[in-house]
Amino acid sequence: MSTASSPAQAKTGSLMSMDPQRQAFLLLRTVFTVAPIIFGLDKFTNLLTHWTIYLAPVATSVIPVPAQTFMYIVGVVEIVAGLAVAVRPRFGSLLVAVWLLGIIVNLLVLGNFFDVALRDFGLLVGALALNRLAVASQTDGPA
């Protein structure tokens, strides 16, 4: 099974004319760029939810700051992770995967929101798939 584009497909440049592997790469790269940036920015506004309800109390005992301050730090990390996916998808996808693993562990320690932990596990698998597609496409810069 060949994944190379034909010269005609390369000339048109439309998403639908690309091979499925490239389409999947671009879709995952876009989602894992935009979503962490939006969620990171929301840590400063709490428009989507009040994020501190998802924070295990042990987190603020390890890093002795108020829960909202902790969320500001989380927001910055998420924004950086999203930008890393945009600029260096092979690295950024692994950063997002590790970050999601941290969120999953936090939710399990909290002993609540198991549905969110399961969803985040699915996202972690998606971030790892993005990493594999980035390696396969040998793309680690702007598309």
# chains A, B, ... in the order shown; residues from 1 in each chain; ligands from 1
call {"tool": "residues_around", "arguments": {"residues": "Ile104 of chain A", "least_positions_apart": "6", "cutoff": "8 Å", "atoms": "only C-alpha atoms", "output": "PyMOL selection string"}}
result
chain A and resi 117-118+120-121
call {"tool": "select_by_dssp", "arguments": {"residues": "segment 8-134 of chain A", "states": "alpha helix (DSSP H)", "output": "JSON, numbers by chain"}}
result
{"A": [8, 9, 10, 11, 12, 20, 21, 22, 23, 24, 25, 26, 27, 28, 29, 30, 31, 32, 33, 34, 35, 36, 37, 38, 39, 40, 41, 42, 57, 58, 59, 60, 61, 62, 67, 68, 69, 70, 71, 72, 73, 74, 75, 76, 77, 78, 79, 80, 81, 82, 83, 84, 85, 86, 87, 89, 90, 91, 92, 93, 94, 95, 96, 97, 98, 99, 100, 101, 102, 103, 104, 105, 106, 107, 108, 109, 110, 114, 115, 116, 117, 118, 119, 120, 121, 122, 123, 124, 125, 126, 127, 128, 129, 130, 131, 132, 133, 134]}
call {"tool": "residues_around", "arguments": {"residues": "Ile79 of chain A", "least_positions_apart": "3", "cutoff": "7 Å", "atoms": "only C-alpha atoms", "output": "list of chain:residue names"}}
result
A:Pro36, A:Ile37, A:Gly40, A:Gly75, A:Val76, A:Gly82, A:Leu83
call {"tool": "residues_around", "arguments": {"residues": "Arg90 of chain A", "least_positions_apart": "2", "cutoff": "8 Å", "atoms": "only C-alpha atoms", "output": "PyMOL selection string"}}
result
chain A and resi 85+88+92-94+130-132+134-135+139-140
call {"tool": "write_last_selection", "arguments": {"atoms": "all heavy atoms", "output": "short mmCIF file (atom, residue, chain, number, x, y, z; two decimals), in the first residue's frame"}}
result
data_model
loop_
_atom_site.label_atom_id
_atom_site.label_comp_id
_atom_site.auth_asym_id
_atom_site.auth_seq_id
_atom_site.Cartn_x
_atom_site.Cartn_y
_atom_site.Cartn_z
N VAL A 85 2.94 21.51 19.51
CA VAL A 85 2.36 20.63 18.48
C VAL A 85 2.35 21.35 17.14
O VAL A 85 2.66 20.76 16.10
CB VAL A 85 0.93 20.17 18.87
CG1 VAL A 85 0.26 19.46 17.70
CG2 VAL A 85 0.98 19.26 20.08
N ARG A 88 6.46 21.80 16.32
CA ARG A 88 7.24 20.55 16.32
C ARG A 88 6.33 19.39 16.70
O ARG A 88 6.33 18.96 17.85
CB ARG A 88 8.39 20.64 17.32
CG ARG A 88 9.39 21.77 17.10
CD ARG A 88 10.51 21.42 16.14
NE ARG A 88 11.08 20.13 16.36
CZ ARG A 88 12.26 19.87 16.91
NH1 ARG A 88 13.02 20.86 17.30
NH2 ARG A 88 12.69 18.64 17.04
N GLY A 92 5.86 17.88 20.29
CA GLY A 92 4.65 18.40 20.91
C GLY A 92 3.63 17.33 21.21
O GLY A 92 2.97 17.36 22.25
N SER A 93 3.51 16.36 20.33
CA SER A 93 2.53 15.28 20.56
C SER A 93 2.92 14.46 21.78
O SER A 93 2.05 14.03 22.55
CB SER A 93 2.41 14.39 19.33
OG SER A 93 3.67 13.81 18.99
N LEU A 94 4.21 14.24 21.98
CA LEU A 94 4.66 13.51 23.18
C LEU A 94 4.46 14.35 24.43
O LEU A 94 4.09 13.83 25.49
CB LEU A 94 6.12 13.10 23.03
CG LEU A 94 6.39 12.05 21.95
CD1 LEU A 94 7.89 11.78 21.83
CD2 LEU A 94 5.61 10.77 22.22
N LEU A 130 -0.75 10.80 16.62
CA LEU A 130 -0.18 11.96 15.94
C LEU A 130 1.33 11.86 15.89
O LEU A 130 1.95 12.14 14.86
CB LEU A 130 -0.60 13.26 16.64
CG LEU A 130 0.07 14.54 16.13
CD1 LEU A 130 -0.19 14.77 14.65
CD2 LEU A 130 -0.38 15.73 16.96
N ASN A 131 1.94 11.43 16.98
CA ASN A 131 3.39 11.28 17.00
C ASN A 131 3.86 10.31 15.94
O ASN A 131 4.82 10.56 15.21
CB ASN A 131 3.86 10.83 18.38
CG ASN A 131 5.34 10.58 18.41
OD1 ASN A 131 5.79 9.43 18.25
ND2 ASN A 131 6.11 11.63 18.59
N ARG A 132 3.18 9.18 15.82
CA ARG A 132 3.57 8.17 14.83
C ARG A 132 3.38 8.69 13.43
O ARG A 132 4.19 8.45 12.54
CB ARG A 132 2.77 6.87 15.04
CG ARG A 132 2.96 6.21 16.40
CD ARG A 132 4.41 6.17 16.90
NE ARG A 132 5.27 5.50 15.94
CZ ARG A 132 6.56 5.76 15.76
NH1 ARG A 132 7.17 6.66 16.47
NH2 ARG A 132 7.25 5.10 14.86
N ALA A 134 3.50 11.85 12.56
CA ALA A 134 4.52 12.88 12.34
C ALA A 134 5.84 12.24 11.96
O ALA A 134 6.55 12.72 11.07
CB ALA A 134 4.68 13.74 13.59
N VAL A 135 6.18 11.13 12.60
CA VAL A 135 7.41 10.40 12.26
C VAL A 135 7.30 9.84 10.85
O VAL A 135 8.23 9.96 10.05
CB VAL A 135 7.68 9.28 13.29
CG1 VAL A 135 8.80 8.37 12.82
CG2 VAL A 135 8.02 9.89 14.65
N THR A 139 7.59 15.12 9.01
CA THR A 139 7.23 16.53 9.10
C THR A 139 7.41 16.97 10.54
O THR A 139 6.83 16.38 11.42
CB THR A 139 5.77 16.76 8.68
OG1 THR A 139 5.63 16.32 7.34
CG2 THR A 139 5.39 18.20 8.78
N ASP A 140 8.21 17.96 10.76
CA ASP A 140 8.36 18.52 12.10
C ASP A 140 8.47 20.03 12.03
O ASP A 140 9.24 20.64 12.74
CB ASP A 140 9.56 17.90 12.82
CG ASP A 140 9.33 17.91 14.33
OD1 ASP A 140 8.19 18.07 14.77
OD2 ASP A 140 10.32 17.74 15.06
#
